[in-house]
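Just work-v2.txt here, compact mmCIF, C-alpha atoms:
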# COMPACT_ATOMS: atom_id res chain seq x y z
CA HIS V 1 62.88 -42.40 -260.22
CA VAL V 2 61.70 -38.91 -259.19
CA SER V 3 58.94 -37.60 -261.43
CA ASP V 4 58.74 -34.09 -262.83
CA THR V 5 55.71 -33.32 -260.64
CA GLU V 6 57.62 -34.39 -257.51
CA ILE V 7 60.50 -32.11 -258.50
CA GLU V 8 58.06 -29.25 -259.14
CA ALA V 9 56.31 -29.75 -255.79
CA SER V 10 59.63 -29.94 -253.95
CA THR V 11 60.81 -26.72 -255.63
CA LEU V 12 57.58 -24.93 -254.70
CA ASN V 13 57.93 -26.05 -251.08
CA ASP V 14 61.56 -24.91 -250.96
CA LEU V 15 60.58 -21.54 -252.37
CA GLY V 16 57.82 -21.24 -249.76
CA LYS V 17 60.31 -21.86 -246.96
CA ILE V 18 62.74 -19.30 -248.43
CA TYR V 19 59.96 -16.70 -248.54
CA ILE V 20 59.08 -17.47 -244.91
CA GLU V 21 62.71 -16.91 -243.88
CA SER V 22 62.73 -13.59 -245.76
CA GLY V 23 59.47 -12.56 -244.07
CA ASP V 24 57.38 -12.56 -247.25
CA LEU V 25 54.48 -14.65 -245.94
CA SER V 26 52.16 -13.76 -248.83
CA ARG V 27 54.57 -15.19 -251.41
CA ALA V 28 55.23 -18.20 -249.15
CA LEU V 29 51.50 -18.90 -248.97
CA SER V 30 51.21 -18.72 -252.76
CA GLU V 31 54.04 -21.23 -253.27
CA PHE V 32 52.68 -23.68 -250.66
CA LYS V 33 49.18 -23.53 -252.17
CA GLN V 34 50.58 -24.28 -255.61
CA ALA V 35 52.55 -27.18 -254.13
CA VAL V 36 49.34 -28.66 -252.67
CA ILE V 37 47.72 -28.61 -256.12
CA VAL V 38 50.72 -30.33 -257.72
CA GLU V 39 50.97 -32.90 -254.91
CA GLY V 40 47.25 -33.63 -255.16
CA ALA V 41 47.57 -34.30 -258.89
CA SER V 42 50.49 -36.67 -258.32
CA HIS V 43 48.89 -38.37 -255.28
CA ASP V 44 51.93 -37.45 -253.18
CA LEU V 45 50.22 -37.77 -249.81
CA TYR V 46 53.20 -37.14 -247.54
CA HIS V 47 54.28 -33.88 -249.16
CA ARG V 48 50.65 -32.77 -249.52
CA ALA V 49 50.22 -33.14 -245.76
CA THR V 50 53.46 -31.24 -245.18
CA SER V 51 52.37 -28.40 -247.47
CA LEU V 52 48.97 -28.18 -245.77
CA ALA V 53 50.73 -27.95 -242.41
CA ASP V 54 53.00 -25.21 -243.78
CA ILE V 55 49.99 -23.27 -245.08
CA GLY V 56 48.39 -23.64 -241.65
CA ALA V 57 51.53 -22.26 -240.02
CA VAL V 58 51.48 -19.20 -242.29
CA TYR V 59 47.79 -18.63 -241.56
CA SER V 60 48.52 -18.87 -237.82
CA ALA V 61 51.33 -16.34 -238.14
CA THR V 62 49.02 -13.90 -239.93
CA GLY V 63 46.18 -14.29 -237.43
CA LYS V 64 43.87 -16.29 -239.72
CA THR V 65 43.10 -18.84 -237.04
CA ALA V 66 40.06 -20.48 -238.64
CA ASP V 67 41.98 -21.03 -241.90
CA ALA V 68 44.96 -22.37 -239.96
CA LEU V 69 42.71 -24.85 -238.15
CA ASP V 70 41.14 -26.00 -241.42
CA CYS V 71 44.55 -26.74 -242.99
CA GLN V 72 45.88 -28.58 -239.95
CA ARG V 73 42.69 -30.68 -239.77
CA GLN V 74 43.11 -31.60 -243.44
CA ALA V 75 46.72 -32.63 -242.81
CA LEU V 76 46.07 -34.83 -239.75
CA PRO V 77 44.13 -37.71 -241.39
CA ILE V 78 46.75 -37.88 -244.16
CA TYR V 79 49.57 -38.33 -241.65
CA GLU V 80 47.44 -40.90 -239.82
CA GLU V 81 46.75 -42.79 -243.06
CA LEU V 82 50.51 -42.89 -243.67
CA ASP V 83 51.02 -44.10 -240.07
CA ASP V 84 53.44 -41.21 -239.55
CA LYS V 85 53.33 -40.89 -235.76
CA THR V 86 55.75 -37.94 -235.61
CA GLY V 87 53.79 -35.95 -238.20
CA SER V 88 50.44 -36.91 -236.65
CA ALA V 89 51.63 -35.85 -233.20
CA ALA V 90 52.95 -32.51 -234.43
CA ILE V 91 49.70 -31.69 -236.23
CA ALA V 92 47.54 -32.81 -233.29
CA ASN V 93 49.66 -30.56 -231.05
CA ASN V 94 49.21 -27.64 -233.47
CA ILE V 95 45.44 -28.16 -233.55
CA GLY V 96 45.43 -28.21 -229.75
CA VAL V 97 47.31 -24.89 -229.66
CA ILE V 98 44.90 -23.34 -232.17
CA TYR V 99 41.84 -24.45 -230.18
CA HIS V 100 43.48 -22.90 -227.11
CA ASP V 101 43.86 -19.61 -228.98
CA LEU V 102 40.16 -19.84 -229.88
CA GLY V 103 39.32 -20.28 -226.18
CA GLN V 104 38.06 -23.85 -226.66
CA LEU V 105 40.02 -25.45 -223.83
CA SER V 106 38.28 -28.84 -223.79
CA LYS V 107 38.96 -29.42 -227.49
CA SER V 108 42.49 -28.11 -227.04
CA LEU V 109 43.14 -30.54 -224.21
CA SER V 110 41.69 -33.44 -226.20
CA TYR V 111 44.06 -32.87 -229.14
CA LEU V 112 47.07 -32.24 -226.93
CA GLU V 113 46.48 -35.47 -225.00
CA ARG V 114 46.16 -37.26 -228.34
CA ALA V 115 49.48 -35.72 -229.45
CA LEU V 116 51.12 -36.76 -226.19
CA GLN V 117 50.28 -40.41 -226.72
CA MET V 118 51.70 -40.29 -230.24
CA TYR V 119 54.90 -38.53 -229.11
CA ARG V 120 55.40 -41.27 -226.55
CA LYS V 121 54.91 -43.98 -229.19
CA SER V 122 57.44 -42.30 -231.47
CA ALA V 123 59.90 -41.77 -228.57
CA ASP V 124 60.18 -38.04 -229.38
CA ARG V 125 61.00 -37.00 -225.82
CA MET V 126 61.69 -33.30 -226.44
CA SER V 127 58.38 -32.79 -228.26
CA GLU V 128 56.74 -34.83 -225.50
CA SER V 129 58.03 -32.30 -222.97
CA THR V 130 56.62 -29.36 -224.96
CA CYS V 131 53.26 -31.11 -225.20
CA LEU V 132 53.28 -31.89 -221.46
CA GLN V 133 53.88 -28.20 -220.74
CA ASN V 134 51.05 -27.17 -223.08
CA ILE V 135 48.68 -29.55 -221.29
CA ALA V 136 49.82 -28.32 -217.88
CA SER V 137 49.21 -24.70 -218.89
CA ILE V 138 45.65 -25.50 -219.99
CA CYS V 139 44.96 -27.48 -216.82
CA LEU V 140 46.06 -24.42 -214.87
CA GLU V 141 43.68 -22.21 -216.85
CA ARG V 142 40.88 -24.66 -216.05
CA GLY V 143 41.71 -24.47 -212.34
CA GLU V 144 43.02 -28.05 -212.25
CA THR V 145 46.18 -27.20 -210.35
CA PHE V 146 47.17 -30.65 -209.12
CA LYS V 147 46.74 -32.10 -212.60
CA ALA V 148 48.85 -29.24 -214.01
CA LEU V 149 51.58 -29.93 -211.45
CA ARG V 150 51.70 -33.58 -212.46
CA PHE V 151 52.24 -32.70 -216.12
CA TYR V 152 54.85 -30.05 -215.25
CA GLN V 153 56.74 -32.57 -213.11
CA ASN V 154 56.70 -35.08 -215.98
CA ALA V 155 58.08 -32.42 -218.33
CA LEU V 156 60.73 -31.54 -215.76
CA THR V 157 61.88 -35.16 -215.65
CA VAL V 158 62.26 -35.21 -219.44
CA GLU V 159 64.28 -31.98 -219.54
CA ARG V 160 66.56 -33.16 -216.74
CA THR V 161 67.15 -36.41 -218.63
CA PHE V 162 68.53 -34.40 -221.55
CA GLY V 163 70.33 -31.84 -219.38
CA ASN V 164 68.34 -28.95 -220.85
CA ARG V 165 68.95 -26.47 -218.05
CA VAL V 166 67.27 -23.47 -219.72
CA GLU V 167 63.99 -25.34 -220.16
CA GLU V 168 64.33 -26.85 -216.69
CA GLY V 169 64.51 -23.35 -215.23
CA LYS V 170 61.38 -22.26 -217.11
CA ILE V 171 59.43 -25.29 -215.89
CA LEU V 172 60.53 -24.66 -212.29
CA LEU V 173 59.09 -21.16 -212.68
CA ASP V 174 55.84 -22.56 -214.05
CA ILE V 175 55.56 -24.98 -211.13
CA GLY V 176 56.08 -22.08 -208.74
CA ILE V 177 53.31 -20.14 -210.47
CA ALA V 178 50.99 -23.14 -210.17
CA TYR V 179 51.64 -23.42 -206.43
CA ARG V 180 51.09 -19.69 -206.00
CA GLU V 181 47.81 -19.71 -207.89
CA ASN V 182 46.71 -22.57 -205.67
CA GLY V 183 47.35 -20.47 -202.56
CA GLN V 184 50.48 -22.37 -201.47
CA PRO V 185 53.13 -19.67 -200.95
CA ALA V 186 55.68 -22.00 -199.29
CA GLY V 187 55.61 -24.37 -202.28
CA ALA V 188 55.76 -21.46 -204.70
CA LEU V 189 58.73 -19.91 -202.91
CA ASN V 190 60.57 -23.23 -202.91
CA TYR V 191 60.30 -23.64 -206.69
CA PHE V 192 60.98 -19.98 -207.48
CA GLU V 193 64.18 -20.16 -205.40
CA LYS V 194 65.22 -23.38 -207.17
CA ALA V 195 64.59 -21.70 -210.52
CA ARG V 196 66.53 -18.57 -209.55
CA ALA V 197 69.55 -20.58 -208.37
CA LEU V 198 69.62 -22.60 -211.58
CA LEU V 199 69.11 -19.60 -213.86
CA LEU V 200 71.86 -17.74 -212.03
CA ARG V 201 74.26 -20.63 -212.64
CA ILE V 202 73.55 -20.79 -216.37
CA GLY V 203 73.50 -17.01 -216.84
CA ASP V 204 69.87 -16.67 -217.98
CA ARG V 205 69.31 -13.04 -216.98
CA LEU V 206 65.79 -12.69 -218.35
CA ASP V 207 64.28 -15.64 -216.48
CA GLN V 208 66.43 -14.94 -213.42
CA ALA V 209 64.72 -11.54 -213.18
CA GLU V 210 61.32 -13.21 -213.60
CA ALA V 211 62.17 -15.54 -210.70
CA LEU V 212 63.14 -12.58 -208.50
CA SER V 213 59.91 -10.77 -209.39
CA GLN V 214 57.84 -13.87 -208.62
CA ILE V 215 59.66 -14.34 -205.30
CA GLY V 216 58.88 -10.72 -204.48
CA ALA V 217 55.22 -11.33 -205.31
CA VAL V 218 55.08 -14.35 -202.99
CA TYR V 219 56.64 -12.37 -200.15
CA GLY V 220 53.97 -9.76 -200.82
CA ASP V 221 51.31 -12.47 -200.50
CA MET V 222 52.88 -13.42 -197.16
CA ASN V 223 52.84 -9.77 -195.98
CA GLN V 224 56.64 -9.71 -195.77
CA ARG V 225 56.84 -6.25 -197.33
CA SER V 226 60.55 -5.61 -196.83
CA LYS V 227 61.63 -8.87 -198.52
CA ALA V 228 59.11 -8.31 -201.29
CA LEU V 229 60.46 -4.82 -202.05
CA GLN V 230 64.04 -6.07 -202.00
CA CYS V 231 63.35 -8.78 -204.60
CA LEU V 232 61.24 -6.58 -206.85
CA GLU V 233 63.80 -3.77 -206.79
CA ARG V 234 66.52 -6.26 -207.76
CA ALA V 235 64.41 -7.67 -210.60
CA LEU V 236 63.50 -4.35 -212.25
CA PRO V 237 66.98 -3.17 -213.40
CA ILE V 238 67.73 -6.61 -214.87
CA GLN V 239 64.45 -6.53 -216.79
CA LYS V 240 65.35 -3.08 -218.10
CA GLU V 241 68.79 -4.34 -219.09
CA VAL V 242 67.40 -7.29 -221.08
CA GLN V 243 64.51 -5.17 -222.44
CA ASP V 244 61.81 -7.38 -220.95
CA VAL V 245 58.90 -4.95 -221.36
CA LYS V 246 56.24 -7.38 -220.15
CA GLY V 247 58.32 -8.36 -217.11
CA GLN V 248 58.95 -4.71 -216.23
CA ALA V 249 55.22 -3.95 -216.36
CA GLU V 250 54.41 -6.83 -214.01
CA THR V 251 57.19 -5.94 -211.57
CA LEU V 252 56.13 -2.28 -211.55
CA GLU V 253 52.54 -3.34 -210.90
CA ARG V 254 53.71 -5.40 -207.93
CA LEU V 255 55.83 -2.51 -206.63
CA THR V 256 52.89 -0.12 -207.01
CA ALA V 257 50.66 -2.47 -205.06
CA LEU V 258 53.26 -2.79 -202.31
CA THR V 259 53.79 0.91 -201.94
CA ALA V 260 50.10 1.84 -202.10
CA THR V 261 48.69 3.35 -198.94
CA THR V 262 45.77 0.94 -198.98
CA ALA V 263 46.27 -2.81 -198.95
CA PRO V 264 45.96 -4.24 -202.47
CA SER V 265 43.52 -7.00 -203.25
CA ALA V 266 45.02 -10.42 -203.79
CA SER V 267 44.27 -10.33 -207.51
CA ILE V 268 46.68 -7.42 -208.07
CA TRP V 269 49.63 -9.62 -207.15
CA TYR V 270 49.22 -12.24 -209.79
CA GLY V 271 51.25 -11.75 -212.95
CA LYS V 272 49.79 -12.96 -216.20
CA LEU V 273 51.02 -16.37 -217.36
CA ALA V 274 53.14 -16.23 -220.49

Will you turn the file into structure tokens for me?
Amino acid sequence: HVSDTEIEASTLNDLGKIYIESGDLSRALSEFKQAVIVEGASHDLYHRATSLADIGAVYSATGKTADALDCQRQALPIYEELDDKTGSAAIANNIGVIYHDLGQLSKSLSYLERALQMYRKSADRMSESTCLQNIASICLERGETFKALRFYQNALTVERTFGNRVEEGKILLDIGIAYRENGQPAGALNYFEKARALLLRIGDRLDQAEALSQIGAVYGDMNQRSKALQCLERALPIQKEVQDVKGQAETLERLTALTATTAPSASIWYGKLA
């Protein structure tokens, strides 16, 4: 038998989700907060944890990072008490992402590694891949390139298992970036070319242009100016076509560095990681 309070809480949560879809985050937040109160009164732990996570998501979307972290940290022990590995993993991953946004990389890594173990126990392979990529990105920021490469390769294996070619292409790009940041242009070029070939086959114009721009950057690193210009000049019109403003800026920066009368410093060549 479903109680009146359970029906009320469910209705409030549904309304919150509707407001999110319509872009009214303030109203969504109000509904979710009311749901938490109702769920607390009825001792509905599962839905209380879900509502807290939803409130945290709204706070994250509105830039209230500290509030988002507080809500996610309230939700995590509830999911753990319920032995909900999927929910626990998702919240631990979210906390890891928030700590990353706060610049606390060690704490971020700790929560993401915790999430990874839980994803593996729950056999949620796609979420496992996302978590692996998050960990790899942080390892790269910490200068732990070989560790980052290991996590990227593990994520690549998962995506290939499921035939997710779009995500496979993105990870190939990330691996190329890792090799490049580690001063290994041959390895970088190898993975960027693999990514470009795959992205060309599946018709992903945006990431195909990114691959071309990255290949141009590597050729620049190798002082092969003609090849670098050719790739960058091929990338730019595609980026304009798909309205990739960030990609255009990076490609133009690389072109400017190439065409400058004085040799650019190595740091100019590196595009910012997404």

Inset, instruction - For Ile135 in chain V, please output as a ChimeraX atom specification all residues within 9 Å (counting only C-alpha atoms; exclusion window: fewer than 6 positions along the same chain). - result: /V:108-109,112-113,148,151-152

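Across the structure, CA of Ser22 in chain V and CA of Asp101 in chain V are spaced 26.0 Å apart.
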
Inset, instruction - Could you check how far CA of Asn190 in chain V sits from CA of Cys131 in chain V, in Å to one decimal? - result: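 Rounded to one decimal, the two atoms are 24.7 Å apart.
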
Please define a box with edges along x, y and z of the file around all atoms of range 167-183 of chain V given in the file, extend it by 5 Å on each side, and return its centre and edge lengths in Å to one decimal, as AutoDock Vina command-line options.
--center_x 55.6 --center_y -23.3 --center_z -211.4 --size_x 27.8 --size_y 17.2 --size_z 27.6

Inset, instruction - For CA of Asp83 in chain V and CA of Ile98 in chain V, determine how far apart the two atoms are, in Å to one decimal place. - result: 23.0 Å

Inset, instruction - Could you check which of V:Leu76, V:Ala92, V:Cys139, V:Ile7 is closest to Met118 in chain V, using only C-alpha atoms? - result: V:Ala92

Inset, instruction - Between V:Gln74, V:Asn93, V:Thr157, V:Thr145, single out the one closest to Arg180 in chain V, counting all atoms listed in the file. - result: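 Using all atoms listed in the file, Arg180 in chain V sits closest to V:Thr145.
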
Inset, instruction - Up to 8 Å from (36.4, -26.6, -220.0) in the file's coordinates: name the residues, counting only C-alpha atoms, as a PyMOL selection string. - result: chain V and resi 104-106+142

Legend entry - Distance query 12 Å from (41.1, -35.8, -252.6) using all atoms listed in the file, result as a list in words: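 Residues satisfying the cut-off, written out: Val36, Ile37, Glu39, Gly40, Ala41, Ser42, His43, Asp44, Leu45, Arg48, Ala49, Gln74, Ala75, Pro77 and Ile78 of chain V.
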
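With all atoms listed in the file taken into account, the protein and nucleic acid residues at most 12 Å from Gln117 in chain V (excluding it and anything under 4 positions from it in its own chain) are Lys85, Thr86, Ser88, Ala89, Ala90, Ala92, Asn93, Ser110, Tyr111, Leu112, Glu113, Lys121, Ser122, Ala123, Asp124, Arg125, Ser127, Glu128, Ser129, Cys131 and Leu132 of chain V.
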
Inset, instruction - Write out as a list in words the residues lying within 10 Å of Leu200 in chain V, counting all atoms listed in the file and excluding same-chain residues fewer than 6 positions away. - result: Gly169, Lys194, Asp207, Gln208 and Ala209 of chain V

Inset, instruction - Go through V:Gln239, V:Gln248, V:Asn223, V:Gln184 and flag the residue nearest Asp204 in chain V, using all atoms listed in the file for the distances. - result: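 Going through V:Gln239, V:Gln248, V:Asn223, V:Gln184 one by one, the smallest distance to Asp204 in chain V is for V:Gln239.
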
Legend entry - Arg234 in chain V environment, 12 Å, all atoms listed in the file, sequence neighbours closer than 2 positions dropped, as an NGL selection string: :V and (205 or 208-216 or 227-232 or 236-241 or 248 or 251-252 or 255)

Inset, instruction - Have a look at V:Arg160, V:Thr259, V:Ile171, V:Glu144 and name the one nearest to Thr130 in chain V; count all atoms listed in the file. - result: V:Ile171

Legend entry - Shortest interatomic distance to Asp24 in chain V - which of V:Ala9, V:Leu173, V:Ile202, V:Val58, counting all atoms listed in the file: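 Nearest candidate to Asp24 in chain V out of V:Ala9, V:Leu173, V:Ile202, V:Val58: V:Val58.
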
Inset, instruction - Point out the residue among V:Thr5, V:Gln133, V:Ile20, V:Ile177 with the least atom-to-atom distance to Arg150 in chain V, counting only C-alpha atoms. - result: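 The shortest atom-to-atom distance to Arg150 in chain V comes from V:Gln133.
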
Inset, instruction - Tell me, as a list of chain:residue names, which residues lie within 10 Å of Ser26 in chain V, counting all atoms listed in the file; anything in the same chain fewer than 4 positions away does not count. - result: V:Gly16, V:Tyr19, V:Ile20, V:Ser30, V:Glu31, V:Val58, V:Tyr59, V:Thr62
